[in-house]
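coords01.tsv, holding TSV, C-alpha atoms:
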```
chain	number	residue	atom	x	y	z
G	1	MET	CA	23.00	-2.51	62.92
G	2	ALA	CA	26.05	-2.71	64.84
G	3	LEU	CA	29.07	-2.70	63.33
G	4	PRO	CA	32.39	-3.08	64.09
G	5	TRP	CA	31.82	-2.34	60.38
G	6	ILE	CA	33.91	0.65	60.83
G	7	LEU	CA	36.81	-1.32	61.84
G	8	LEU	CA	37.70	-1.28	58.24
G	9	LEU	CA	40.17	0.23	55.82
G	10	LEU	CA	42.29	3.22	55.38
G	11	PHE	CA	45.96	3.69	55.21
G	12	SER	CA	48.29	3.93	58.12
G	13	SER	CA	48.38	7.63	58.92
G	14	PHE	CA	46.23	10.72	58.74
G	15	ALA	CA	48.34	12.15	55.93
G	16	SER	CA	46.53	12.76	52.68
G	17	ILE	CA	46.40	9.92	50.21
G	18	PRO	CA	48.11	10.70	46.94
G	19	PHE	CA	45.54	10.19	44.23
G	20	THR	CA	46.63	7.42	41.97
G	21	GLN	CA	43.08	7.85	40.73
G	22	SER	CA	43.85	11.03	38.80
G	23	ALA	CA	40.37	11.07	37.30
G	24	LEU	CA	38.81	12.06	40.64
G	25	THR	CA	38.09	15.75	41.05
G	26	LEU	CA	35.85	17.82	43.29
G	27	ASP	CA	34.09	19.40	40.30
G	28	TYR	CA	33.87	16.27	38.15
G	29	TYR	CA	30.21	16.86	37.25
G	30	ALA	CA	30.33	20.65	36.91
G	31	LYS	CA	29.75	20.53	33.16
G	32	THR	CA	28.23	17.09	32.57
G	33	CYS	CA	25.70	17.17	35.42
G	34	PRO	CA	25.57	20.70	36.87
G	35	LYS	CA	22.60	19.92	39.15
G	36	PHE	CA	24.38	16.98	40.79
G	37	ASP	CA	24.99	18.66	44.16
G	38	GLN	CA	21.51	20.19	44.28
G	39	ILE	CA	19.74	16.92	43.48
G	40	VAL	CA	21.75	14.91	46.00
G	41	SER	CA	21.30	17.54	48.72
G	42	GLU	CA	17.54	17.91	48.28
G	43	ILE	CA	16.80	14.19	48.25
G	44	VAL	CA	19.13	13.47	51.17
G	45	HIS	CA	17.51	16.20	53.25
G	46	GLN	CA	13.98	14.99	52.59
G	47	LYS	CA	14.80	11.32	53.18
G	48	GLN	CA	16.57	11.98	56.49
G	49	LYS	CA	13.74	14.26	57.58
G	50	ASP	CA	11.14	11.59	56.84
G	51	PHE	CA	13.20	8.62	58.05
G	52	PRO	CA	15.77	9.65	60.72
G	53	VAL	CA	17.53	6.26	60.64
G	54	THR	CA	18.71	6.97	57.07
G	55	ALA	CA	22.03	8.51	58.16
G	56	ALA	CA	23.07	5.52	60.24
G	57	ALA	CA	21.86	3.10	57.58
G	58	THR	CA	23.72	4.83	54.77
G	59	LEU	CA	26.98	5.22	56.68
G	60	ARG	CA	26.95	1.52	57.45
G	61	VAL	CA	26.27	0.56	53.84
G	62	PHE	CA	29.09	2.86	52.76
G	63	PHE	CA	31.54	1.16	55.13
G	64	HIS	CA	30.43	-2.29	54.08
G	65	ASP	CA	30.89	-1.31	50.45
G	66	CYS	CA	34.38	0.14	50.82
G	67	ALA	CA	35.60	-2.77	52.96
G	68	VAL	CA	35.19	-5.27	50.15
G	69	ASP	CA	37.33	-4.47	47.11
G	70	GLY	CA	37.01	-0.71	47.51
G	71	CYS	CA	34.33	1.99	47.28
G	72	ASP	CA	32.63	0.85	44.08
G	73	ALA	CA	28.94	0.38	45.00
G	74	SER	CA	29.34	-3.41	44.72
G	75	VAL	CA	27.32	-3.90	47.91
G	76	LEU	CA	24.26	-2.44	46.15
G	77	ILE	CA	24.01	-5.31	43.66
G	78	LYS	CA	20.94	-7.48	44.26
G	79	PRO	CA	21.01	-11.26	43.83
G	80	ASN	CA	19.36	-13.00	40.92
G	81	SER	CA	19.25	-16.53	39.52
G	82	PHE	CA	22.76	-16.20	38.18
G	83	THR	CA	24.66	-14.36	40.91
G	84	LYS	CA	25.26	-14.44	44.64
G	85	PRO	CA	26.54	-10.91	45.38
G	86	GLU	CA	27.90	-9.34	48.56
G	87	LEU	CA	24.40	-8.75	49.89
G	88	GLU	CA	23.98	-12.51	50.22
G	89	HIS	CA	26.69	-12.78	52.87
G	90	ASP	CA	25.16	-13.04	56.35
G	91	ILE	CA	27.00	-10.00	57.70
G	92	ASN	CA	25.16	-7.87	55.11
G	93	HIS	CA	21.69	-9.28	55.76
G	94	SER	CA	20.92	-6.59	58.35
G	95	LEU	CA	21.84	-3.63	56.14
G	96	ALA	CA	18.85	-1.31	56.34
G	97	GLY	CA	16.66	-0.67	53.33
G	98	ASP	CA	16.52	3.09	53.83
G	99	ALA	CA	20.08	3.42	52.51
G	100	PHE	CA	19.30	1.50	49.32
G	101	ASP	CA	16.10	3.47	48.84
G	102	LEU	CA	17.98	6.75	49.19
G	103	VAL	CA	20.56	5.80	46.56
G	104	SER	CA	17.80	4.61	44.24
G	105	ARG	CA	15.86	7.87	44.59
G	106	ILE	CA	18.95	9.94	43.85
G	107	LYS	CA	19.92	7.76	40.88
G	108	THR	CA	16.43	8.06	39.38
G	109	ALA	CA	16.48	11.85	39.65
G	110	LEU	CA	19.98	12.10	38.19
G	111	GLU	CA	19.10	9.82	35.26
G	112	LEU	CA	16.31	12.23	34.39
G	113	SER	CA	18.62	15.24	34.64
G	114	CYS	CA	21.81	13.82	33.14
G	115	PRO	CA	21.34	10.22	31.97
G	116	GLY	CA	24.28	7.86	32.02
G	117	ILE	CA	26.65	10.28	33.72
G	118	VAL	CA	26.73	9.80	37.51
G	119	SER	CA	27.93	6.56	39.10
G	120	CYS	CA	26.21	4.88	42.01
G	121	ALA	CA	29.54	4.87	43.85
G	122	ASP	CA	29.67	8.68	43.69
G	123	ILE	CA	26.05	8.88	44.82
G	124	LEU	CA	26.72	6.70	47.86
G	125	ALA	CA	29.88	8.58	48.85
G	126	SER	CA	28.27	12.01	48.46
G	127	ALA	CA	25.03	11.07	50.19
G	128	THR	CA	26.97	9.64	53.14
G	129	ARG	CA	28.92	12.88	53.56
G	130	ASN	CA	25.78	15.02	53.31
G	131	LEU	CA	23.97	12.91	55.89
G	132	ILE	CA	26.87	13.14	58.34
G	133	VAL	CA	26.86	16.91	58.03
G	134	MET	CA	23.08	17.04	58.37
G	135	ILE	CA	23.15	15.28	61.76
G	136	GLY	CA	25.91	17.44	63.19
G	137	GLY	CA	29.08	15.82	61.89
G	138	PRO	CA	32.05	17.40	60.11
G	139	ASN	CA	32.17	18.28	56.45
G	140	TYR	CA	34.90	16.69	54.37
G	141	LYS	CA	35.93	16.54	50.74
G	142	VAL	CA	34.47	13.92	48.44
G	143	PRO	CA	36.31	13.88	45.11
G	144	LEU	CA	34.16	12.49	42.33
G	145	GLY	CA	34.58	10.42	39.21
G	146	ARG	CA	34.39	6.89	40.61
G	147	LYS	CA	33.11	4.13	38.41
G	148	ASP	CA	30.80	1.37	39.60
G	149	GLY	CA	32.34	-2.03	40.14
G	150	LEU	CA	31.66	-4.83	37.67
G	151	VAL	CA	31.88	-7.64	40.22
G	152	SER	CA	30.04	-8.38	43.47
G	153	GLN	CA	30.55	-11.76	45.12
G	154	ALA	CA	29.46	-12.96	48.55
G	155	THR	CA	32.63	-15.04	48.76
G	156	SER	CA	34.70	-11.84	48.74
G	157	VAL	CA	33.16	-10.55	51.98
G	158	GLU	CA	34.40	-13.08	54.53
G	159	GLY	CA	37.22	-11.74	56.68
G	160	LYS	CA	36.84	-8.16	55.47
G	161	LEU	CA	34.36	-6.92	58.11
G	162	SER	CA	34.74	-7.28	61.87
G	163	ARG	CA	32.02	-8.78	64.02
G	164	ALA	CA	30.69	-7.61	67.37
G	165	ASN	CA	32.19	-10.50	69.34
G	166	GLU	CA	35.76	-10.25	68.08
G	167	THR	CA	38.70	-9.58	70.37
G	168	MET	CA	40.78	-6.44	70.04
G	169	ASP	CA	43.68	-8.51	68.72
G	170	GLN	CA	41.43	-9.90	65.99
G	171	MET	CA	40.09	-6.48	65.08
G	172	ILE	CA	43.51	-4.85	64.96
G	173	GLN	CA	45.00	-7.73	62.98
G	174	LYS	CA	42.14	-7.57	60.50
G	175	MET	CA	42.52	-3.84	60.12
G	176	GLN	CA	46.27	-4.01	59.71
G	177	GLY	CA	45.70	-6.34	56.78
G	178	LEU	CA	43.71	-3.51	55.20
G	179	GLY	CA	46.20	-0.78	56.09
G	180	ILE	CA	44.26	0.74	59.01
G	181	ASN	CA	45.92	2.14	62.09
G	182	VAL	CA	44.51	2.12	65.60
G	183	GLN	CA	43.71	5.82	65.87
G	184	GLU	CA	41.76	5.79	62.62
G	185	MET	CA	39.82	2.79	63.82
G	186	VAL	CA	38.81	4.50	67.05
G	187	ALA	CA	37.73	7.68	65.25
G	188	LEU	CA	35.65	5.73	62.72
G	189	VAL	CA	34.03	3.54	65.35
G	190	GLY	CA	33.12	6.61	67.37
G	191	GLY	CA	31.59	8.32	64.38
G	192	GLY	CA	29.66	5.36	63.03
G	193	HIS	CA	28.42	4.09	66.37
G	194	SER	CA	27.52	7.60	67.49
G	195	ILE	CA	24.47	7.36	65.23
G	196	GLY	CA	24.15	3.59	64.74
G	197	PHE	CA	22.18	0.84	66.40
G	198	GLY	CA	22.84	-2.82	67.07
G	199	HIS	CA	20.60	-5.87	66.97
G	200	CYS	CA	20.06	-7.51	70.35
G	201	LYS	CA	21.75	-10.73	69.24
G	202	GLU	CA	25.00	-8.80	68.93
G	203	PHE	CA	25.18	-7.97	72.63
G	204	ALA	CA	22.88	-10.60	74.18
G	205	ASN	CA	25.86	-12.38	75.72
G	206	ARG	CA	26.59	-9.23	77.76
G	207	ILE	CA	23.14	-8.88	79.34
G	208	PHE	CA	21.67	-12.38	79.72
G	209	GLY	CA	23.01	-15.15	81.94
G	210	LYS	CA	25.99	-13.75	83.79
G	211	PRO	CA	26.03	-10.02	82.92
G	212	ASP	CA	29.23	-8.46	81.64
G	213	PRO	CA	30.80	-6.69	84.63
G	214	THR	CA	32.13	-3.91	82.40
G	215	MET	CA	28.57	-2.84	81.53
G	216	ASN	CA	26.73	-0.39	83.76
G	217	PRO	CA	24.13	-2.51	85.66
G	218	LYS	CA	21.31	-0.05	84.95
G	219	LEU	CA	22.05	-0.18	81.23
G	220	ALA	CA	22.15	-3.98	81.32
G	221	GLU	CA	18.75	-4.04	83.04
G	222	ARG	CA	17.28	-1.65	80.49
G	223	LEU	CA	18.62	-3.65	77.57
G	224	ARG	CA	17.31	-6.93	79.02
G	225	GLY	CA	13.84	-5.42	79.02
G	226	MET	CA	14.17	-4.15	75.47
G	227	CYS	CA	15.59	-7.41	74.14
G	228	ALA	CA	13.51	-9.90	76.11
G	229	ASN	CA	12.08	-11.50	72.96
G	230	TYR	CA	15.09	-11.10	70.69
G	231	THR	CA	15.31	-14.80	69.82
G	232	SER	CA	11.83	-14.74	68.28
G	233	ASN	CA	12.03	-11.18	66.98
G	234	THR	CA	15.44	-10.91	65.37
G	235	ASP	CA	14.85	-7.30	64.29
G	236	MET	CA	14.93	-6.02	67.88
G	237	SER	CA	17.72	-3.49	68.33
G	238	ALA	CA	19.08	-0.68	70.50
G	239	PHE	CA	20.91	2.56	69.85
G	240	LEU	CA	24.66	2.25	70.37
G	241	ASP	CA	24.85	5.76	71.83
G	242	VAL	CA	22.34	5.54	74.66
G	243	ILE	CA	22.48	9.26	75.54
G	244	THR	CA	22.34	11.20	72.25
G	245	PRO	CA	21.25	8.69	69.59
G	246	GLY	CA	20.89	10.05	66.10
G	247	THR	CA	23.25	12.97	66.70
G	248	PHE	CA	26.86	12.94	65.56
G	249	ASP	CA	28.98	13.85	68.58
G	250	ASN	CA	31.62	12.46	70.93
G	251	MET	CA	29.11	11.12	73.46
G	252	LEU	CA	29.92	7.49	72.66
G	253	PHE	CA	33.39	7.97	74.10
G	254	LYS	CA	31.99	9.60	77.23
G	255	ASN	CA	29.59	6.70	77.55
G	256	LEU	CA	32.41	4.17	77.42
G	257	MET	CA	34.08	5.92	80.36
G	258	LYS	CA	30.91	5.17	82.37
G	259	GLY	CA	30.41	1.57	81.26
G	260	LEU	CA	27.62	2.58	78.89
G	261	GLY	CA	28.92	0.82	75.80
G	262	VAL	CA	26.29	-1.44	74.24
G	263	LEU	CA	28.63	-3.53	72.11
G	264	GLY	CA	31.40	-5.48	73.77
G	265	SER	CA	33.75	-4.46	70.96
G	266	ASP	CA	33.04	-0.79	71.76
G	267	GLN	CA	33.68	-1.22	75.48
G	268	LEU	CA	36.96	-2.96	74.66
G	269	LEU	CA	38.18	0.33	73.20
G	270	LEU	CA	38.39	1.66	76.75
G	271	SER	CA	39.93	-1.38	78.39
G	272	ASP	CA	42.63	-2.09	75.83
G	273	PRO	CA	45.79	0.01	76.35
G	274	ARG	CA	46.28	0.41	72.60
G	275	THR	CA	42.97	2.19	72.11
G	276	ARG	CA	42.23	3.72	75.52
G	277	PRO	CA	44.34	6.88	74.95
G	278	PHE	CA	42.25	7.78	71.90
G	279	VAL	CA	38.97	7.10	73.72
G	280	GLU	CA	40.06	9.43	76.51
G	281	LYS	CA	41.24	12.06	74.04
G	282	TYR	CA	38.02	12.08	72.06
G	283	ALA	CA	35.83	11.99	75.17
G	284	ASN	CA	37.46	15.24	76.28
G	285	ASP	CA	37.96	16.93	72.91
G	286	SER	CA	35.05	16.88	70.48
G	287	VAL	CA	36.89	19.18	68.05
G	288	ALA	CA	39.81	16.77	67.75
G	289	PHE	CA	37.43	13.86	67.28
G	290	SER	CA	35.50	15.58	64.49
G	291	ALA	CA	38.70	16.63	62.73
G	292	ASP	CA	40.21	13.15	62.91
G	293	PHE	CA	36.99	11.53	61.76
G	294	ALA	CA	36.81	13.89	58.78
G	295	ARG	CA	40.39	13.13	57.75
G	296	ALA	CA	39.76	9.41	58.05
G	297	MET	CA	36.63	9.69	55.92
G	298	GLU	CA	38.52	11.65	53.26
G	299	LYS	CA	40.85	8.68	53.02
G	300	LEU	CA	38.16	6.06	53.16
G	301	ASN	CA	36.02	7.49	50.41
G	302	VAL	CA	38.79	7.03	47.82
G	303	TYR	CA	39.83	3.56	49.00
G	304	GLN	CA	40.51	1.36	45.95
G	305	VAL	CA	38.04	3.28	43.81
G	306	LYS	CA	37.52	2.21	40.22
G	307	THR	CA	38.12	4.75	37.43
G	308	ASP	CA	38.07	4.80	33.65
G	309	ASN	CA	37.77	1.28	32.21
G	310	GLN	CA	38.01	-0.38	35.64
G	311	GLY	CA	34.26	0.01	36.02
G	312	GLU	CA	31.12	1.51	34.51
G	313	VAL	CA	28.29	3.93	35.21
G	314	ARG	CA	25.38	1.65	36.00
G	315	ARG	CA	21.99	2.41	34.55
G	316	ARG	CA	20.47	1.23	37.83
G	317	CYS	CA	22.38	0.77	41.04
G	318	ASP	CA	21.26	-2.75	41.92
G	319	ALA	CA	22.59	-4.45	38.77
G	320	VAL	CA	25.59	-4.25	36.46
G	321	ASN	CA	24.72	-3.11	32.95
G	322	ASN	CA	25.38	-6.47	31.31
G	323	ALA	CA	23.67	-8.56	33.99
G	324	PRO	CA	21.90	-11.65	32.63
G	325	HIS	CA	18.14	-11.67	32.96
G	326	MET	CA	16.66	-13.61	35.83
G	327	LYS	CA	15.06	-16.93	35.01
G	328	ASN	CA	11.30	-17.09	35.26
```

Show the structure stored in the file as structure tokens.
Amino acid sequence: MALPWILLLLFSSFASIPFTQSALTLDYYAKTCPKFDQIVSEIVHQKQKDFPVTAAATLRVFFHDCAVDGCDASVLIKPNSFTKPELEHDINHSLAGDAFDLVSRIKTALELSCPGIVSCADILASATRNLIVMIGGPNYKVPLGRKDGLVSQATSVEGKLSRANETMDQMIQKMQGLGINVQEMVALVGGGHSIGFGHCKEFANRIFGKPDPTMNPKLAERLRGMCANYTSNTDMSAFLDVITPGTFDNMLFKNLMKGLGVLGSDQLLLSDPRTRPFVEKYANDSVAFSADFARAMEKLNVYQVKTDNQGEVRRRCDAVNNAPHMKN
């Protein structure tokens, strides 16, 4: 699952974003769907308990959604005979099904409790926050009232999400185009890759042939064994935090200091002078890392949200309400 996905949006400082989206409030569903928090919490807890990869999967889907035209659940739209949505772009092909299943389960329960009220975009944002907290990450505010996007096009994805083999210049330039500063990028990468995993093809160039000298030789040997058949089994993957996978902490930054970064783009965070100071800071100060990650996520989860007549509340999360029927 890799992802320099988190090399994505946000504005240029950790200051709070003024809400141009005045419809967003923390208690948006207090009267219209009073069991919202309870339903989301219970289903998230059970899903993560049964399938521990759900947190990483959902966080990645959330980033991929927000990166393309804002946090509007457009990445959840499935293709049919008439449309080629964001999911059809190759960078989204490896998004894990557990995230989509979680959103679908929550949506089904909410439709029974308060039909036609809660958007899929709010479900995805809230579930992501709850999962991060559940695996040891910081809590942060998720204002509600987003509408679901009406458009999802694969052609809109290109150039919005960074890839594992990009240079730091490319990543920073791409992020600057989206209003992201370097510190926010480092905090988000550390948080997402703390619990994420990457497919072998995304770091094969570092372990086969002439090994990358910035990678710890023992890690390279271990990964070669794990990924020996990656060309025939494209689902083969490895945790990006090789010490405490599945737990939200600052271990990824400590790993980078020891050459234990799986992705080349992660290891570049240590070698590049623009990002190294933040890697060193977060490796030595888990409290600062958690706080900065939380502030960045508070910004991200309201990035270009749709409100009022800019979107809709979908009846089901994988299709817009007026979607044409598929051809037989």

Exercise. Taking into account all atoms listed in the file, which residue in the set G:Leu260, G:Met168, G:Met175, G:Ala30 is nearest to Pro213 in chain G?
Worked result: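 Among G:Leu260, G:Met168, G:Met175, G:Ala30, it is G:Leu260 that comes nearest to Pro213 in chain G.
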
Problem set entry | Distance criterion (only C-alpha atoms): nearest to Val157 in chain G out of G:Asn255, G:Asn92, G:Gln46, G:Asn181 |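 Selected residue with least distance to Val157 in chain G: G:Asn92.
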
Problem set entry | For Thr244 in chain G: contacts at 12 Å, all atoms listed in the file, fewer than 3 positions along chain excluded, given as a list in words |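 These residues fall inside the cut-off: Ile135, Gly136, His193, Ser194, Ile195, Gly196, Phe197, Phe239, Leu240, Asp241, Thr247, Phe248, Asp249, Asn250, Met251, Leu252, Phe253, Lys254 and Asn255 of chain G.
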
For the selection just defined, write its residues with C-alpha atoms to a file, as a compact mmCIF listing (two decimals), in the coordinates of the input.
```
# COMPACT_ATOMS: atom_id res chain seq x y z
CA ILE G 135 23.15 15.28 61.76
CA GLY G 136 25.91 17.44 63.19
CA HIS G 193 28.42 4.09 66.37
CA SER G 194 27.52 7.60 67.49
CA ILE G 195 24.47 7.36 65.23
CA GLY G 196 24.15 3.59 64.74
CA PHE G 197 22.18 0.84 66.40
CA PHE G 239 20.91 2.56 69.85
CA LEU G 240 24.66 2.25 70.37
CA ASP G 241 24.85 5.76 71.83
CA THR G 247 23.25 12.97 66.70
CA PHE G 248 26.86 12.94 65.56
CA ASP G 249 28.98 13.85 68.58
CA ASN G 250 31.62 12.46 70.93
CA MET G 251 29.11 11.12 73.46
CA LEU G 252 29.92 7.49 72.66
CA PHE G 253 33.39 7.97 74.10
CA LYS G 254 31.99 9.60 77.23
CA ASN G 255 29.59 6.70 77.55
```

For this session: Rank nothing, just name the residue among G:Glu111, G:Asp148, G:Asp235, G:Asp212 nearest to Ser74 in chain G, using only C-alpha atoms.
Result: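 Looking only at the distances to Ser74 in chain G, the closest residue turns out to be G:Asp148.
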
Problem set entry | Nearest candidate to Cys114 in chain G (options G:Thr275, G:Gln48, G:Asn301, G:Thr32; using all atoms listed in the file) |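 Using all atoms listed in the file, the shortest distance to Cys114 in chain G belongs to G:Thr32.
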
Seminar exercise, completed: Using only C-alpha atoms, the best pick from G:Leu24, G:Met226, G:Ile180, G:Leu59 as closest to Ala125 in chain G would be G:Leu59

Exercise. What is the distance between CA of Asn130 in chain G and CA of Ser41 in chain G, in Å to one decimal?
Worked result: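 About the pair CA of Asn130 in chain G and CA of Ser41 in chain G: they are 6.9 Å apart.
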
Exercise. Could you state the separation of CA of Arg315 in chain G and CA of Gly116 in chain G in Å, given to one decimal place?
Worked result: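 Interatomic distance here is 6.4 Å.
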
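Using only C-alpha atoms for every distance, the candidate list G:Leu256, G:Tyr140, G:His93, G:Lys299 yields G:His93 as the residue closest to Thr234 in chain G.
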